[in-house]
Amino acid sequence: MQKSRSRTSSNNRRHKGTGRAERSRSHGGRVTSEWLKNFLSEMLAVERGGIQLYQRALDELTHESLRPKLEEFHRETGRHVELCEQLLDAAGGDEDAPSPGAEAAQHKAEGLLTAEVPDEMADTNNIENLVLAETKDHWNWETLGALLGKLENRELKTLAGRAVREVRRQETNHLAWAQKALTQLAFEAAQQGGRADEEKGADQEAQDREAEKFD
C-alpha cells in the first residue's frame with residue numbers, strides 16, 4: 001500500500017513537471033514572421049494616425065499653453081513613423097500593403113478625425129483622441145519590447161531593440177501628459193459650467209426683484 005502511494009505521488013510530480021515544461025515552452029516560442037509583419041504594419045498605421053490627430057489638435061487649439069508639448073510630441077511621433085517603416089521593411093513587410101489590423105487602425109483614426117463637436121469642446125475632444133491613440137501606441141511599443149527575445153532575425157532584433165530604447169520613454173510621456181491635459185480641461189469645463197449656473201441664478205433673482213416692484 002505504501003509503495004502504491006509512493007508511485008502515485010511520484011507520477012503526480014512527473015505530470016506536474018511535464019505541465020510546467022509544456023507551459024514554459026508555449027510561452028517561450030518564437031514569433032512567426034507573418035504575425036510580426038502584421039503587428040508592425042498595425043504599429044505603423046497607429047503612428048501615422050497619431051500624426052494626423054496631433055495636427056488636428058494643433059490646428060484647432062485654443063489653449064495655447066498646450067501648444068509646446070503638442071508640437072514636441074508631434075515631432076516625436078513623426079520619428080516613430082520612420083522607425084516603424086524601418087522595422088516593417090527589415091521584417092520583410094510592405095507598408096503599401098497594410099495588414100487587417102493596420103486597416104482597422106486606419107478606420108479608427110478616420111472615425112476620430114471626422115467626429116464633429118462644438119467649438120468650445122474642440123480641445124477636449126482632440127486631447128481625448130490623443131489619449132486613445134497614445135494608449136494603443138504605448139501598448140504596441142511595450143509589447144514589441146517584450147518580444148525582443150523571441151525574434152530570430154538578428155538584424156531586426158538589433159534594430160527593434162534600438163527603436164524600443166529610443167521610443168519607450170517618449171510614449172510613456174506622451175500618454176501621461178495627454179491624460180493629465182484631458183483632466184485639466186475637464187475640470188476647467190466643470191468650473192465654467194458652475195459659474196454659468198451661478199450667473200444664470202443671479203440674473204433670475206434680479207428679474208424676480210424687478211417683477212416684485214410692479215406687484
# chains A, B, ... in the order shown; residues from 1 in each chain; ligands from 1
>>> residues_around(residues="Leu66 (chain A)", least_positions_apart="5", cutoff="12 Å", atoms="only C-alpha atoms", output="ChimeraX atom specification")
/A:54,57-58,60-61,71-73,123-124,126-127,177-178,180-182,184-185
>>> residues_around(residues="region 135-143 of chain A", least_positions_apart="2", cutoff="12 Å", atoms="only C-alpha atoms", output="PyMOL selection string")
chain A and resi 36+39-51+77+80-81+83-84+105+108-109+128-133+145-150+160-179
>>> write_last_selection(atoms="C-alpha atoms", output="PDB file, in the first residue's frame")
ATOM      1  CA  LEU A  36       5.359  40.106 -36.775  1.00  0.00           C
ATOM      2  CA  PHE A  39       1.906  43.616 -35.997  1.00  0.00           C
ATOM      3  CA  LEU A  40       4.480  46.081 -37.319  1.00  0.00           C
ATOM      4  CA  SER A  41       2.101  47.104 -40.103  1.00  0.00           C
ATOM      5  CA  GLU A  42      -0.508  47.920 -37.479  1.00  0.00           C
ATOM      6  CA  MET A  43       2.045  49.807 -35.379  1.00  0.00           C
ATOM      7  CA  LEU A  44       2.882  51.932 -38.412  1.00  0.00           C
ATOM      8  CA  ALA A  45      -0.790  52.677 -39.090  1.00  0.00           C
ATOM      9  CA  VAL A  46      -1.372  53.741 -35.476  1.00  0.00           C
ATOM     10  CA  GLU A  47       1.635  56.081 -35.524  1.00  0.00           C
ATOM     11  CA  ARG A  48       0.529  57.610 -38.821  1.00  0.00           C
ATOM     12  CA  GLY A  49      -2.924  58.147 -37.376  1.00  0.00           C
ATOM     13  CA  GLY A  50      -1.280  59.826 -34.405  1.00  0.00           C
ATOM     14  CA  ILE A  51       0.411  62.336 -36.722  1.00  0.00           C
ATOM     15  CA  THR A  77       5.566  60.812 -33.457  1.00  0.00           C
ATOM     16  CA  HIS A  80       8.190  56.945 -34.578  1.00  0.00           C
ATOM     17  CA  VAL A  81       6.657  56.623 -38.032  1.00  0.00           C
ATOM     18  CA  LEU A  83      11.207  53.778 -37.096  1.00  0.00           C
ATOM     19  CA  CYS A  84       8.113  51.686 -37.783  1.00  0.00           C
ATOM     20  CA  ALA A 105      -6.373  51.191 -37.107  1.00  0.00           C
ATOM     21  CA  LYS A 108     -10.473  54.058 -36.160  1.00  0.00           C
ATOM     22  CA  ALA A 109      -8.288  57.118 -36.761  1.00  0.00           C
ATOM     23  CA  GLU A 128      -9.255  62.768 -25.652  1.00  0.00           C
ATOM     24  CA  ASN A 129      -8.495  61.364 -29.118  1.00  0.00           C
ATOM     25  CA  LEU A 130      -4.792  61.557 -28.300  1.00  0.00           C
ATOM     26  CA  VAL A 131      -5.336  59.681 -25.037  1.00  0.00           C
ATOM     27  CA  LEU A 132      -6.966  56.871 -27.018  1.00  0.00           C
ATOM     28  CA  ALA A 133      -4.243  56.822 -29.678  1.00  0.00           C
ATOM     29  CA  GLY A 145       9.931  45.324 -26.196  1.00  0.00           C
ATOM     30  CA  ALA A 146       8.595  42.195 -24.507  1.00  0.00           C
ATOM     31  CA  LEU A 147       9.004  40.231 -27.752  1.00  0.00           C
ATOM     32  CA  LEU A 148      12.625  41.164 -28.450  1.00  0.00           C
ATOM     33  CA  GLY A 149      13.966  37.927 -27.017  1.00  0.00           C
ATOM     34  CA  LYS A 150      11.717  35.917 -29.328  1.00  0.00           C
ATOM     35  CA  ALA A 160      13.932  46.793 -32.812  1.00  0.00           C
ATOM     36  CA  GLY A 161      15.959  46.963 -29.613  1.00  0.00           C
ATOM     37  CA  ARG A 162      17.359  50.364 -30.540  1.00  0.00           C
ATOM     38  CA  ALA A 163      13.932  51.638 -31.533  1.00  0.00           C
ATOM     39  CA  VAL A 164      12.321  50.468 -28.294  1.00  0.00           C
ATOM     40  CA  ARG A 165      15.049  52.125 -26.217  1.00  0.00           C
ATOM     41  CA  GLU A 166      14.515  55.388 -28.105  1.00  0.00           C
ATOM     42  CA  VAL A 167      10.730  55.390 -28.076  1.00  0.00           C
ATOM     43  CA  ARG A 168       9.572  53.678 -24.882  1.00  0.00           C
ATOM     44  CA  ARG A 169      10.083  56.615 -22.523  1.00  0.00           C
ATOM     45  CA  GLN A 170       8.669  59.060 -25.064  1.00  0.00           C
ATOM     46  CA  GLU A 171       5.481  57.016 -25.370  1.00  0.00           C
ATOM     47  CA  THR A 172       5.136  56.907 -21.596  1.00  0.00           C
ATOM     48  CA  ASN A 173       5.489  60.702 -21.501  1.00  0.00           C
ATOM     49  CA  HIS A 174       3.005  61.180 -24.349  1.00  0.00           C
ATOM     50  CA  LEU A 175       0.315  59.151 -22.625  1.00  0.00           C
ATOM     51  CA  ALA A 176       0.865  60.626 -19.157  1.00  0.00           C
ATOM     52  CA  TRP A 177       0.780  64.186 -20.487  1.00  0.00           C
ATOM     53  CA  ALA A 178      -2.365  63.618 -22.584  1.00  0.00           C
ATOM     54  CA  GLN A 179      -4.181  62.090 -19.611  1.00  0.00           C
TER      55      GLN A 179
END
>>> atom_distance(atom1="CA of Ala102 (chain A)", atom2="CA of Lys37 (chain A)")
10.5 Å
>>> atom_distance(atom1="CA of Gln106 (chain A)", atom2="CA of Lys69 (chain A)")
24.3 Å
>>> atom_distance(atom1="CA of Leu87 (chain A)", atom2="CA of Asn38 (chain A)")
11.6 Å
>>> decode(residues="region 149-185 of chain A", atoms="N, CA and C atoms", output="PDB file, in the first residue's frame")
ATOM      1  N   GLY A 149      13.248  39.177 -27.207  1.00  0.00           N
ATOM      2  CA  GLY A 149      13.966  37.927 -27.017  1.00  0.00           C
ATOM      3  C   GLY A 149      13.459  36.781 -27.868  1.00  0.00           C
ATOM      4  N   LYS A 150      12.309  36.978 -28.509  1.00  0.00           N
ATOM      5  CA  LYS A 150      11.717  35.917 -29.328  1.00  0.00           C
ATOM      6  C   LYS A 150      11.934  36.135 -30.821  1.00  0.00           C
ATOM      7  N   LEU A 151      12.642  37.203 -31.186  1.00  0.00           N
ATOM      8  CA  LEU A 151      12.884  37.489 -32.598  1.00  0.00           C
ATOM      9  C   LEU A 151      14.092  36.698 -33.099  1.00  0.00           C
ATOM     10  N   GLU A 152      13.927  35.988 -34.190  1.00  0.00           N
ATOM     11  CA  GLU A 152      15.014  35.164 -34.733  1.00  0.00           C
ATOM     12  C   GLU A 152      15.940  35.957 -35.655  1.00  0.00           C
ATOM     13  N   ASN A 153      15.392  36.941 -36.364  1.00  0.00           N
ATOM     14  CA  ASN A 153      16.184  37.746 -37.290  1.00  0.00           C
ATOM     15  C   ASN A 153      17.087  38.693 -36.479  1.00  0.00           C
ATOM     16  N   ARG A 154      18.398  38.455 -36.527  1.00  0.00           N
ATOM     17  CA  ARG A 154      19.317  39.236 -35.695  1.00  0.00           C
ATOM     18  C   ARG A 154      19.328  40.715 -36.054  1.00  0.00           C
ATOM     19  N   GLU A 155      19.298  41.003 -37.339  1.00  0.00           N
ATOM     20  CA  GLU A 155      19.295  42.403 -37.777  1.00  0.00           C
ATOM     21  C   GLU A 155      18.046  43.112 -37.277  1.00  0.00           C
ATOM     22  N   LEU A 156      16.904  42.450 -37.425  1.00  0.00           N
ATOM     23  CA  LEU A 156      15.644  43.026 -36.968  1.00  0.00           C
ATOM     24  C   LEU A 156      15.643  43.173 -35.446  1.00  0.00           C
ATOM     25  N   LYS A 157      16.179  42.176 -34.760  1.00  0.00           N
ATOM     26  CA  LYS A 157      16.226  42.218 -33.297  1.00  0.00           C
ATOM     27  C   LYS A 157      17.050  43.412 -32.815  1.00  0.00           C
ATOM     28  N   THR A 158      18.186  43.657 -33.460  1.00  0.00           N
ATOM     29  CA  THR A 158      19.038  44.794 -33.092  1.00  0.00           C
ATOM     30  C   THR A 158      18.332  46.112 -33.377  1.00  0.00           C
ATOM     31  N   LEU A 159      17.725  46.200 -34.541  1.00  0.00           N
ATOM     32  CA  LEU A 159      17.017  47.418 -34.938  1.00  0.00           C
ATOM     33  C   LEU A 159      15.837  47.691 -34.008  1.00  0.00           C
ATOM     34  N   ALA A 160      15.087  46.636 -33.695  1.00  0.00           N
ATOM     35  CA  ALA A 160      13.932  46.793 -32.812  1.00  0.00           C
ATOM     36  C   ALA A 160      14.363  47.190 -31.410  1.00  0.00           C
ATOM     37  N   GLY A 161      15.469  46.608 -30.937  1.00  0.00           N
ATOM     38  CA  GLY A 161      15.959  46.963 -29.613  1.00  0.00           C
ATOM     39  C   GLY A 161      16.332  48.436 -29.509  1.00  0.00           C
ATOM     40  N   ARG A 162      17.000  48.945 -30.526  1.00  0.00           N
ATOM     41  CA  ARG A 162      17.359  50.364 -30.540  1.00  0.00           C
ATOM     42  C   ARG A 162      16.116  51.246 -30.580  1.00  0.00           C
ATOM     43  N   ALA A 163      15.155  50.849 -31.402  1.00  0.00           N
ATOM     44  CA  ALA A 163      13.932  51.638 -31.533  1.00  0.00           C
ATOM     45  C   ALA A 163      13.157  51.673 -30.217  1.00  0.00           C
ATOM     46  N   VAL A 164      13.040  50.529 -29.568  1.00  0.00           N
ATOM     47  CA  VAL A 164      12.321  50.468 -28.294  1.00  0.00           C
ATOM     48  C   VAL A 164      13.009  51.348 -27.250  1.00  0.00           C
ATOM     49  N   ARG A 165      14.321  51.294 -27.191  1.00  0.00           N
ATOM     50  CA  ARG A 165      15.049  52.125 -26.217  1.00  0.00           C
ATOM     51  C   ARG A 165      14.831  53.614 -26.493  1.00  0.00           C
ATOM     52  N   GLU A 166      14.727  53.980 -27.753  1.00  0.00           N
ATOM     53  CA  GLU A 166      14.515  55.388 -28.105  1.00  0.00           C
ATOM     54  C   GLU A 166      13.091  55.844 -27.819  1.00  0.00           C
ATOM     55  N   VAL A 167      12.137  54.973 -28.062  1.00  0.00           N
ATOM     56  CA  VAL A 167      10.730  55.390 -28.076  1.00  0.00           C
ATOM     57  C   VAL A 167      10.003  55.145 -26.759  1.00  0.00           C
ATOM     58  N   ARG A 168      10.374  54.109 -26.032  1.00  0.00           N
ATOM     59  CA  ARG A 168       9.572  53.678 -24.882  1.00  0.00           C
ATOM     60  C   ARG A 168       9.283  54.812 -23.902  1.00  0.00           C
ATOM     61  N   ARG A 169      10.303  55.536 -23.486  1.00  0.00           N
ATOM     62  CA  ARG A 169      10.083  56.615 -22.523  1.00  0.00           C
ATOM     63  C   ARG A 169       9.248  57.739 -23.133  1.00  0.00           C
ATOM     64  N   GLN A 170       9.461  58.030 -24.405  1.00  0.00           N
ATOM     65  CA  GLN A 170       8.669  59.060 -25.064  1.00  0.00           C
ATOM     66  C   GLN A 170       7.185  58.695 -25.056  1.00  0.00           C
ATOM     67  N   GLU A 171       6.881  57.442 -25.356  1.00  0.00           N
ATOM     68  CA  GLU A 171       5.481  57.016 -25.370  1.00  0.00           C
ATOM     69  C   GLU A 171       4.854  57.108 -23.975  1.00  0.00           C
ATOM     70  N   THR A 172       5.629  56.774 -22.969  1.00  0.00           N
ATOM     71  CA  THR A 172       5.136  56.907 -21.596  1.00  0.00           C
ATOM     72  C   THR A 172       4.825  58.366 -21.284  1.00  0.00           C
ATOM     73  N   ASN A 173       5.709  59.266 -21.722  1.00  0.00           N
ATOM     74  CA  ASN A 173       5.489  60.702 -21.501  1.00  0.00           C
ATOM     75  C   ASN A 173       4.287  61.208 -22.284  1.00  0.00           C
ATOM     76  N   HIS A 174       4.145  60.746 -23.526  1.00  0.00           N
ATOM     77  CA  HIS A 174       3.005  61.180 -24.349  1.00  0.00           C
ATOM     78  C   HIS A 174       1.691  60.833 -23.659  1.00  0.00           C
ATOM     79  N   LEU A 175       1.572  59.610 -23.220  1.00  0.00           N
ATOM     80  CA  LEU A 175       0.315  59.151 -22.625  1.00  0.00           C
ATOM     81  C   LEU A 175       0.040  59.861 -21.310  1.00  0.00           C
ATOM     82  N   ALA A 176       1.058  59.977 -20.458  1.00  0.00           N
ATOM     83  CA  ALA A 176       0.865  60.626 -19.157  1.00  0.00           C
ATOM     84  C   ALA A 176       0.458  62.087 -19.335  1.00  0.00           C
ATOM     85  N   TRP A 177       1.104  62.775 -20.268  1.00  0.00           N
ATOM     86  CA  TRP A 177       0.780  64.186 -20.487  1.00  0.00           C
ATOM     87  C   TRP A 177      -0.637  64.340 -21.021  1.00  0.00           C
ATOM     88  N   ALA A 178      -1.024  63.515 -21.995  1.00  0.00           N
ATOM     89  CA  ALA A 178      -2.365  63.618 -22.584  1.00  0.00           C
ATOM     90  C   ALA A 178      -3.437  63.350 -21.532  1.00  0.00           C
ATOM     91  N   GLN A 179      -3.212  62.381 -20.669  1.00  0.00           N
ATOM     92  CA  GLN A 179      -4.181  62.090 -19.611  1.00  0.00           C
ATOM     93  C   GLN A 179      -4.313  63.273 -18.651  1.00  0.00           C
ATOM     94  N   LYS A 180      -3.179  63.849 -18.285  1.00  0.00           N
ATOM     95  CA  LYS A 180      -3.192  64.998 -17.375  1.00  0.00           C
ATOM     96  C   LYS A 180      -3.870  66.203 -18.024  1.00  0.00           C
ATOM     97  N   ALA A 181      -3.556  66.463 -19.298  1.00  0.00           N
ATOM     98  CA  ALA A 181      -4.163  67.595 -20.001  1.00  0.00           C
ATOM     99  C   ALA A 181      -5.672  67.418 -20.125  1.00  0.00           C
ATOM    100  N   LEU A 182      -6.114  66.197 -20.402  1.00  0.00           N
ATOM    101  CA  LEU A 182      -7.550  65.939 -20.517  1.00  0.00           C
ATOM    102  C   LEU A 182      -8.257  66.182 -19.192  1.00  0.00           C
ATOM    103  N   THR A 183      -7.637  65.767 -18.100  1.00  0.00           N
ATOM    104  CA  THR A 183      -8.220  66.003 -16.779  1.00  0.00           C
ATOM    105  C   THR A 183      -8.331  67.493 -16.489  1.00  0.00           C
ATOM    106  N   GLN A 184      -7.296  68.252 -16.818  1.00  0.00           N
ATOM    107  CA  GLN A 184      -7.321  69.699 -16.590  1.00  0.00           C
ATOM    108  C   GLN A 184      -8.424  70.367 -17.403  1.00  0.00           C
ATOM    109  N   LEU A 185      -8.580  69.950 -18.653  1.00  0.00           N
ATOM    110  CA  LEU A 185      -9.635  70.521 -19.491  1.00  0.00           C
ATOM    111  C   LEU A 185     -11.016  70.168 -18.953  1.00  0.00           C
TER     112      LEU A 185
END
